[in-house]
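Student: Please find start-v4.cif (mmCIF, C-alpha atoms (C1' of nucleotides)) on the next line:
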data_entry
loop_
_atom_site.label_atom_id
_atom_site.label_comp_id
_atom_site.auth_asym_id
_atom_site.auth_seq_id
_atom_site.Cartn_x
_atom_site.Cartn_y
_atom_site.Cartn_z
CA MET A 1 9.92 -6.78 -19.16
CA PRO A 2 12.28 -5.11 -16.67
CA SER A 3 12.46 -1.78 -18.47
CA MET A 4 8.74 -1.50 -18.10
CA ASN A 5 9.09 -1.86 -14.36
CA ALA A 6 11.76 0.78 -14.24
CA ARG A 7 9.67 3.23 -16.21
CA LYS A 8 6.59 2.57 -14.17
CA ARG A 9 8.54 2.92 -10.97
CA LYS A 10 10.02 6.23 -12.08
CA ARG A 11 6.63 7.56 -13.06
CA LEU A 12 5.11 6.55 -9.76
CA GLU A 13 7.94 8.02 -7.77
CA ALA A 14 7.66 11.26 -9.70
CA ALA A 15 4.03 11.35 -8.61
CA GLY A 16 5.11 10.99 -5.00
CA TRP A 17 4.69 7.29 -4.40
CA VAL A 18 7.21 5.77 -2.10
CA VAL A 19 7.42 2.48 -3.72
CA GLY A 20 10.79 0.94 -3.32
CA THR A 21 12.60 -0.81 -0.59
CA PRO A 22 16.25 -1.68 -1.30
CA GLN A 23 15.54 -5.38 -1.72
CA GLU A 24 12.81 -4.63 -4.22
CA PHE A 25 14.94 -2.50 -6.49
CA LEU A 26 14.05 -4.46 -9.58
CA GLY A 27 10.33 -4.19 -9.26
CA LEU A 28 7.23 -3.75 -7.23
CA SER A 29 5.52 -6.62 -5.57
CA ASN A 30 2.27 -7.71 -7.11
CA GLU A 31 0.40 -6.50 -4.07
CA GLU A 32 1.91 -3.03 -4.20
CA THR A 33 1.15 -2.62 -7.88
CA ALA A 34 -2.37 -3.92 -7.42
CA LEU A 35 -2.94 -1.43 -4.62
CA ILE A 36 -1.62 1.46 -6.68
CA ASP A 37 -3.63 0.37 -9.70
CA MET A 38 -6.80 0.37 -7.64
CA HIS A 39 -5.97 3.82 -6.33
CA ILE A 40 -5.43 5.14 -9.85
CA ALA A 41 -8.60 3.49 -11.11
CA LEU A 42 -10.60 5.20 -8.36
CA SER A 43 -9.02 8.54 -9.20
CA LEU A 44 -9.86 8.27 -12.87
CA ALA A 45 -13.37 7.10 -12.16
CA LEU A 46 -13.93 9.99 -9.79
CA ARG A 47 -12.91 12.55 -12.37
CA ALA A 48 -14.95 10.88 -15.08
CA LEU A 49 -18.08 10.69 -12.96
CA ARG A 50 -17.73 14.24 -11.65
CA LYS A 51 -17.52 15.54 -15.19
CA ARG A 52 -20.47 13.43 -16.24
CA ARG A 53 -22.42 15.09 -13.43
CA LYS A 54 -21.14 18.47 -14.61
CA LEU A 55 -19.84 19.50 -11.23
CA THR A 56 -16.73 21.49 -10.37
CA GLN A 57 -14.16 20.20 -7.92
CA ALA A 58 -15.34 22.86 -5.48
CA ALA A 59 -18.93 21.64 -5.75
CA LEU A 60 -17.92 18.05 -5.10
CA ALA A 61 -15.75 19.19 -2.23
CA LYS A 62 -18.73 20.84 -0.60
CA ARG A 63 -20.75 17.64 -0.91
CA ILE A 64 -18.18 15.59 0.94
CA GLY A 65 -17.18 18.29 3.39
CA SER A 66 -13.75 18.72 1.92
CA SER A 67 -11.89 21.35 -0.07
CA GLN A 68 -11.24 21.96 -3.75
CA SER A 69 -7.55 21.36 -3.28
CA ARG A 70 -8.12 17.92 -1.83
CA VAL A 71 -10.50 16.96 -4.61
CA ALA A 72 -7.81 17.96 -7.07
CA LYS A 73 -5.38 15.69 -5.26
CA MET A 74 -7.93 12.91 -5.32
CA GLU A 75 -8.26 13.14 -9.08
CA VAL A 76 -4.57 13.36 -9.90
CA GLY A 77 -3.87 10.23 -7.87
CA ASP A 78 -1.95 11.95 -5.10
CA PRO A 79 -0.71 9.24 -2.71
CA SER A 80 -1.74 11.29 0.30
CA VAL A 81 -5.38 10.51 -0.50
CA SER A 82 -6.94 7.50 1.19
CA PHE A 83 -9.12 4.85 -0.41
CA GLU A 84 -11.90 5.85 1.93
CA LEU A 85 -11.94 9.44 0.70
CA LEU A 86 -11.95 8.36 -2.92
CA ILE A 87 -14.87 6.03 -2.31
CA ARG A 88 -16.67 8.76 -0.39
CA GLY A 89 -16.32 10.98 -3.42
CA LEU A 90 -17.71 8.39 -5.78
CA LEU A 91 -20.67 7.69 -3.52
CA ALA A 92 -21.38 11.41 -3.26
CA LEU A 93 -21.60 11.46 -7.04
CA GLY A 94 -24.25 8.77 -7.04
CA ALA A 95 -22.09 5.71 -7.56
CA THR A 96 -23.32 2.49 -5.97
CA ALA A 97 -21.34 -0.14 -4.13
CA GLY A 98 -21.50 -2.16 -7.33
CA ASP A 99 -20.00 0.73 -9.27
CA VAL A 100 -17.18 1.10 -6.78
CA GLY A 101 -16.52 -2.62 -6.85
CA ARG A 102 -16.31 -2.65 -10.62
CA VAL A 103 -13.87 0.25 -10.60
CA ILE A 104 -11.61 -1.54 -8.13
CA ALA A 105 -11.87 -4.70 -10.18
CA ARG A 106 -10.64 -2.49 -13.01
CA ARG A 107 -13.76 -2.72 -15.08
CA ALA A 108 -15.09 0.60 -16.31
CA ALA A 109 -17.63 2.32 -14.12
CA MET B 1 -20.18 16.51 14.27
CA PRO B 2 -21.79 13.97 11.95
CA SER B 3 -18.78 11.71 11.80
CA MET B 4 -19.29 11.01 15.45
CA ASN B 5 -22.51 9.26 14.59
CA ALA B 6 -20.87 7.22 11.87
CA ARG B 7 -18.19 6.14 14.26
CA LYS B 8 -20.75 5.35 16.91
CA ARG B 9 -22.72 3.16 14.60
CA LYS B 10 -19.62 1.36 13.43
CA ARG B 11 -18.87 0.53 17.01
CA LEU B 12 -22.38 -0.68 17.60
CA GLU B 13 -22.42 -2.86 14.53
CA ALA B 14 -18.97 -4.17 15.19
CA ALA B 15 -20.16 -5.17 18.62
CA GLY B 16 -22.93 -7.15 16.99
CA TRP B 17 -25.86 -4.86 17.55
CA VAL B 18 -28.72 -5.28 15.17
CA VAL B 19 -31.36 -2.66 15.61
CA GLY B 20 -34.42 -1.73 13.62
CA THR B 21 -33.53 1.42 11.75
CA PRO B 22 -30.25 2.67 13.15
CA GLN B 23 -29.69 4.68 10.01
CA GLU B 24 -32.47 7.10 10.73
CA PHE B 25 -32.00 7.04 14.45
CA LEU B 26 -28.37 8.00 14.24
CA GLY B 27 -28.88 10.28 11.27
CA LEU B 28 -26.70 8.39 8.83
CA SER B 29 -26.78 9.17 5.14
CA ASN B 30 -27.04 6.47 2.54
CA GLU B 31 -23.45 7.09 1.57
CA GLU B 32 -22.19 6.59 5.09
CA THR B 33 -24.19 3.40 5.31
CA ALA B 34 -22.74 2.14 2.05
CA LEU B 35 -19.26 2.94 3.26
CA ILE B 36 -19.79 1.00 6.46
CA ASP B 37 -21.27 -1.92 4.57
CA MET B 38 -18.20 -2.08 2.34
CA HIS B 39 -15.96 -1.98 5.39
CA ILE B 40 -17.84 -4.85 6.99
CA ALA B 41 -17.81 -6.83 3.77
CA LEU B 42 -14.03 -6.50 3.57
CA SER B 43 -13.68 -7.58 7.20
CA LEU B 44 -15.76 -10.68 6.70
CA ALA B 45 -13.99 -11.57 3.48
CA LEU B 46 -10.62 -11.19 5.16
CA ARG B 47 -11.52 -13.59 7.93
CA ALA B 48 -13.03 -16.08 5.52
CA LEU B 49 -10.03 -16.05 3.22
CA ARG B 50 -7.52 -16.24 6.05
CA LYS B 51 -9.24 -19.30 7.42
CA ARG B 52 -9.41 -20.85 3.98
CA ARG B 53 -5.64 -20.39 3.81
CA LYS B 54 -5.35 -21.93 7.29
CA LEU B 55 -3.33 -19.07 8.70
CA THR B 56 -3.43 -17.54 12.17
CA GLN B 57 -3.93 -13.84 12.68
CA ALA B 58 -0.32 -13.63 13.77
CA ALA B 59 0.84 -15.27 10.55
CA LEU B 60 -1.16 -12.87 8.43
CA ALA B 61 0.12 -9.98 10.51
CA LYS B 62 3.67 -10.99 9.71
CA ARG B 63 2.91 -11.05 5.98
CA ILE B 64 1.63 -7.50 5.96
CA GLY B 65 4.09 -6.15 8.51
CA SER B 66 1.49 -5.64 11.18
CA SER B 67 0.52 -7.16 14.49
CA GLN B 68 -1.94 -9.83 15.64
CA SER B 69 -3.99 -7.27 17.51
CA ARG B 70 -4.47 -5.16 14.42
CA VAL B 71 -5.48 -8.15 12.33
CA ALA B 72 -8.06 -8.96 14.97
CA LYS B 73 -9.38 -5.43 14.70
CA MET B 74 -9.48 -5.75 10.93
CA GLU B 75 -11.62 -8.85 11.16
CA VAL B 76 -14.08 -7.58 13.75
CA GLY B 77 -14.72 -4.45 11.72
CA ASP B 78 -13.08 -2.03 14.09
CA PRO B 79 -13.61 1.49 12.71
CA SER B 80 -9.98 2.40 13.35
CA VAL B 81 -8.95 0.17 10.44
CA SER B 82 -8.58 1.77 7.03
CA PHE B 83 -9.83 0.42 3.71
CA GLU B 84 -6.27 0.31 2.51
CA LEU B 85 -5.14 -2.00 5.29
CA LEU B 86 -8.09 -4.33 4.72
CA ILE B 87 -7.31 -4.52 1.01
CA ARG B 88 -3.63 -5.08 1.78
CA GLY B 89 -4.64 -8.02 3.92
CA LEU B 90 -6.78 -9.56 1.20
CA LEU B 91 -4.06 -9.14 -1.40
CA ALA B 92 -1.53 -10.74 0.95
CA LEU B 93 -3.85 -13.75 1.12
CA GLY B 94 -3.81 -14.10 -2.64
CA ALA B 95 -6.95 -12.19 -3.53
CA THR B 96 -6.95 -10.42 -6.88
CA ALA B 97 -8.25 -6.97 -7.74
CA GLY B 98 -11.30 -8.71 -9.14
CA ASP B 99 -11.84 -10.48 -5.84
CA VAL B 100 -11.57 -7.24 -3.89
CA GLY B 101 -13.95 -5.53 -6.29
CA ARG B 102 -16.53 -8.25 -5.92
CA VAL B 103 -16.31 -8.06 -2.14
CA ILE B 104 -16.91 -4.31 -2.20
CA ALA B 105 -19.76 -4.81 -4.62
CA ARG B 106 -21.19 -7.14 -1.96
CA ARG B 107 -20.85 -10.28 -3.97
CA ALA B 108 -19.21 -13.23 -2.27
CA ALA B 109 -15.48 -13.45 -2.62
"C1'" DC C 1 -6.68 -27.79 37.22
"C1'" DT C 2 -2.87 -26.32 34.37
"C1'" DT C 3 -0.81 -25.29 30.10
"C1'" DG C 4 -0.90 -23.90 25.39
"C1'" DT C 5 -2.69 -21.69 21.35
"C1'" DG C 6 -5.50 -18.42 18.82
"C1'" DA C 7 -8.17 -14.46 19.12
"C1'" DA C 8 -10.13 -10.08 21.29
"C1'" DT C 9 -9.53 -5.58 23.58
"C1'" DG C 10 -7.24 -1.39 25.52
"C1'" DT C 11 -3.53 1.86 25.48
"C1'" DC C 12 -0.02 4.76 23.61
"C1'" DA C 13 3.79 6.98 20.89
"C1'" DC C 14 4.44 7.77 16.38
"C1'" DA C 15 3.08 8.06 11.46
"C1'" DT C 16 -0.10 9.34 7.98
"C1'" DA C 17 -4.33 11.74 6.11
"C1'" DT C 18 -7.15 15.68 6.47
"C1'" DG C 19 -9.37 20.41 5.57
"C1'" DA C 20 -8.16 24.98 5.22
"C1'" DC C 21 -5.64 28.32 3.14
"C1'" DA C 22 -2.50 30.55 -0.07
"C1'" DT C 23 -0.78 30.58 -4.41
"C1'" DA C 24 0.00 29.19 -9.18
"C1'" DT C 25 -1.35 27.74 -13.70
"C1'" DA C 26 -4.36 27.42 -17.72
"C1'" DG C 27 -7.92 28.76 -20.64
"C1'" DA C 28 -11.95 31.62 -22.19
"C1'" DC C 29 -13.95 35.84 -22.92
"C1'" DT C 30 -13.93 41.37 -23.26
"C1'" DA D 1 -3.44 44.09 -21.81
"C1'" DG D 2 -7.09 42.45 -17.64
"C1'" DT D 3 -10.55 39.33 -15.43
"C1'" DC D 4 -13.15 35.72 -14.70
"C1'" DT D 5 -13.45 30.35 -13.76
"C1'" DA D 6 -11.60 25.80 -13.01
"C1'" DT D 7 -7.87 23.19 -11.61
"C1'" DA D 8 -3.21 22.20 -9.60
"C1'" DT D 9 0.30 22.52 -5.95
"C1'" DG D 10 2.48 23.53 -1.41
"C1'" DT D 11 2.22 24.11 3.54
"C1'" DC D 12 0.54 23.39 8.11
"C1'" DA D 13 -2.10 22.34 12.45
"C1'" DT D 14 -4.85 18.80 13.74
"C1'" DA D 15 -7.48 14.52 13.20
"C1'" DT D 16 -7.13 9.81 12.26
"C1'" DG D 17 -4.61 5.33 11.55
"C1'" DT D 18 -0.75 2.41 12.90
"C1'" DG D 19 2.37 -1.18 15.12
"C1'" DA D 20 3.73 -2.66 19.39
"C1'" DC D 21 2.69 -4.24 23.73
"C1'" DA D 22 -0.02 -5.97 27.66
"C1'" DT D 23 -3.84 -8.13 29.08
"C1'" DT D 24 -7.88 -10.93 28.78
"C1'" DC D 25 -10.84 -14.51 26.89
"C1'" DA D 26 -12.13 -19.05 24.76
"C1'" DC D 27 -11.28 -23.61 24.24
"C1'" DA D 28 -8.85 -27.25 23.70
"C1'" DA D 29 -5.48 -31.08 25.24
"C1'" DG D 30 -2.57 -32.87 28.59
#
Hey, can you dump this file as structure tokens for me?
Tutor:
Amino acid sequence: MPSMNARKRKRLEAAGWVVGTPQEFLGLSNEETALIDMHIALSLALRALRKRRKLTQAALAKRIGSSQSRVAKMEVGDPSVSFELLIRGLLALGATAGDVGRVIARRAA
Amino acid sequence: MPSMNARKRKRLEAAGWVVGTPQEFLGLSNEETALIDMHIALSLALRALRKRRKLTQAALAKRIGSSQSRVAKMEVGDPSVSFELLIRGLLALGATAGDVGRVIARRAA
DNA sequence: CTTGTGAATGTCACATATGACATATAGACT
DNA sequence: AGTCTATATGTCATATGTGACATTCACAAG
């Protein structure tokens, strides 16, 4: 459904994703959406696991040698955050490679 | 600087070194090791899938808007290559999110 | 031996991601 | 009201990743 694509695109762009080239005005490529979906899945999993561990963003930041502000960006799906940093965060919370793989495969952690 | 050690070991492993307990010798944490293992798994999967698709590195490079030299670095596990680029490569070869997840979980693609 | 094709490696200018810091917002509790 | 605590957001100097390019290597096939 095209209106779905338009809404999704608008939402992503509002979040800072640069997602459109002129020739792709009607929708994202499957690869782009898959990549963004994985990124979002990692973000959500990170927040969920951090809360399960009852840690603050500042505490997690200290574990991975980062800052509270960056952890916040990690969890809200900010596009400036790399996959590597997100995975680092999950591992620091005790997630295994299997856990990370399942998150990326979009199965619940 | 602990990341120096991580980078050093990546280089060593990428060059094919197999040593007894490099983790302890270089002072790597379990999380850093897991991260490197995932990176290597993605590299190997990329090469395997590209060959299955009977594409050259140059052909894959064109698909993802990159260069042959970078694809080569992706496949040999060069530490300068990001997770995102490796995943982009796999997706461009037709891999699904489930495939990528299984690779990261260290199950065969 | 030469030529061709695919892959590896090094370099570099430019782009993106990073931690640190400041600041803002939201809620809970006095 | 004010004051904690946790989280969100913006900026910026620097660290890291990138494509492009040149070169080199391996190994075929003429």
Student: How would you write, as a ChimeraX atom specification, the residues chosen by the PyMOL selection byres ((chain B) within 8 of (chain D)) on this structure?
Tutor: /B:66-67,70,80-82
Student: Using only C-alpha atoms, please write the residues we just selected to a file, as a PDB file, keeping the file's coordinate frame.
Tutor:
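That gives us again34.pdb:
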ATOM      1  CA  SER B  66       1.490  -5.640  11.180  1.00  0.00           C
ATOM      2  CA  SER B  67       0.520  -7.160  14.490  1.00  0.00           C
ATOM      3  CA  ARG B  70      -4.470  -5.160  14.420  1.00  0.00           C
ATOM      4  CA  SER B  80      -9.980   2.400  13.350  1.00  0.00           C
ATOM      5  CA  VAL B  81      -8.950   0.170  10.440  1.00  0.00           C
ATOM      6  CA  SER B  82      -8.580   1.770   7.030  1.00  0.00           C
TER       7      SER B  82
END
Student: Would you give me, as a PyMOL selection string, the residues of chain C that come within 12 Å of chain A, using only C-alpha atoms (C1' of nucleotides)?
Tutor: chain C and resi 16-23
Student: For the residues selected in the previous step, produce a file with C-alpha atoms (C1' of nucleotides) as a PDB file, keeping the file's coordinate frame.
Tutor:
ATOM      1  C1'  DT C  16      -0.100   9.340   7.980  1.00  0.00           C
ATOM      2  C1'  DA C  17      -4.330  11.740   6.110  1.00  0.00           C
ATOM      3  C1'  DT C  18      -7.150  15.680   6.470  1.00  0.00           C
ATOM      4  C1'  DG C  19      -9.370  20.410   5.570  1.00  0.00           C
ATOM      5  C1'  DA C  20      -8.160  24.980   5.220  1.00  0.00           C
ATOM      6  C1'  DC C  21      -5.640  28.320   3.140  1.00  0.00           C
ATOM      7  C1'  DA C  22      -2.500  30.550  -0.070  1.00  0.00           C
ATOM      8  C1'  DT C  23      -0.780  30.580  -4.410  1.00  0.00           C
TER       9       DT C  23
END
Student: In Å to one decimal, how far is CA of Asp99 (chain A) from CA of Glu32 (chain B)?
Tutor: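 Pair CA of Glu32 (chain B) / CA of Asp99 (chain A) returns 15.7 Å.
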Student: At a cut-off of 12 Å, list the chain A residues touching chain B, using all atoms listed in the file, as an NGL selection string.
Tutor: :A and (29-39 or 41-42 or 63-65 or 79 or 81-109)
Student: In Å, rounded to a single decimal, give me how far CA of Ala59 (chain B) is from C1' of DG6 (chain C).
Tutor: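 These atoms are spaced 10.9 Å apart.
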Student: One decimal, in Å: what's the spacing between C1' of DT25 (chain C) and CA of Arg53 (chain A)?
Tutor: 24.6 Å
Student: Save chain C of the structure in the block above to a file, with C-alpha atoms (C1' of nucleotides) included, as a PDB file, in the first residue's frame.
Tutor:
ATOM      1  C1'  DC C   1      56.370 -15.526 -21.852  1.00  0.00           C
ATOM      2  C1'  DT C   2      52.497 -12.443 -22.379  1.00  0.00           C
ATOM      3  C1'  DT C   3      47.891 -11.131 -21.634  1.00  0.00           C
ATOM      4  C1'  DG C   4      43.670 -11.082 -19.111  1.00  0.00           C
ATOM      5  C1'  DT C   5      40.768 -11.487 -15.133  1.00  0.00           C
ATOM      6  C1'  DG C   6      39.724 -11.533 -10.247  1.00  0.00           C
ATOM      7  C1'  DA C   7      41.335 -10.453  -5.864  1.00  0.00           C
ATOM      8  C1'  DA C   8      44.451  -8.245  -2.249  1.00  0.00           C
ATOM      9  C1'  DT C   9      46.789  -4.203  -0.235  1.00  0.00           C
ATOM     10  C1'  DG C  10      48.160   0.707   0.583  1.00  0.00           C
ATOM     11  C1'  DT C  11      47.095   5.518   0.461  1.00  0.00           C
ATOM     12  C1'  DC C  12      44.374   9.603   0.815  1.00  0.00           C
ATOM     13  C1'  DA C  13      40.683  13.243   0.770  1.00  0.00           C
ATOM     14  C1'  DC C  14      36.332  13.391   2.331  1.00  0.00           C
ATOM     15  C1'  DA C  15      32.279  11.746   4.977  1.00  0.00           C
ATOM     16  C1'  DT C  16      30.302   9.850   9.021  1.00  0.00           C
ATOM     17  C1'  DA C  17      30.303   8.358  14.013  1.00  0.00           C
ATOM     18  C1'  DT C  18      32.015   9.326  18.455  1.00  0.00           C
ATOM     19  C1'  DG C  19      32.418  11.033  23.456  1.00  0.00           C
ATOM     20  C1'  DA C  20      32.085  15.035  25.964  1.00  0.00           C
ATOM     21  C1'  DC C  21      29.560  18.729  27.327  1.00  0.00           C
ATOM     22  C1'  DA C  22      25.657  21.829  27.880  1.00  0.00           C
ATOM     23  C1'  DT C  23      21.011  22.192  28.167  1.00  0.00           C
ATOM     24  C1'  DA C  24      16.176  20.827  28.215  1.00  0.00           C
ATOM     25  C1'  DT C  25      12.322  18.028  29.518  1.00  0.00           C
ATOM     26  C1'  DA C  26       9.635  15.006  32.509  1.00  0.00           C
ATOM     27  C1'  DG C  27       8.330  13.010  36.669  1.00  0.00           C
ATOM     28  C1'  DA C  28       8.600  12.029  41.750  1.00  0.00           C
ATOM     29  C1'  DC C  29       9.028  13.550  46.206  1.00  0.00           C
ATOM     30  C1'  DT C  30       9.215  17.441  50.149  1.00  0.00           C
TER      31       DT C  30
END
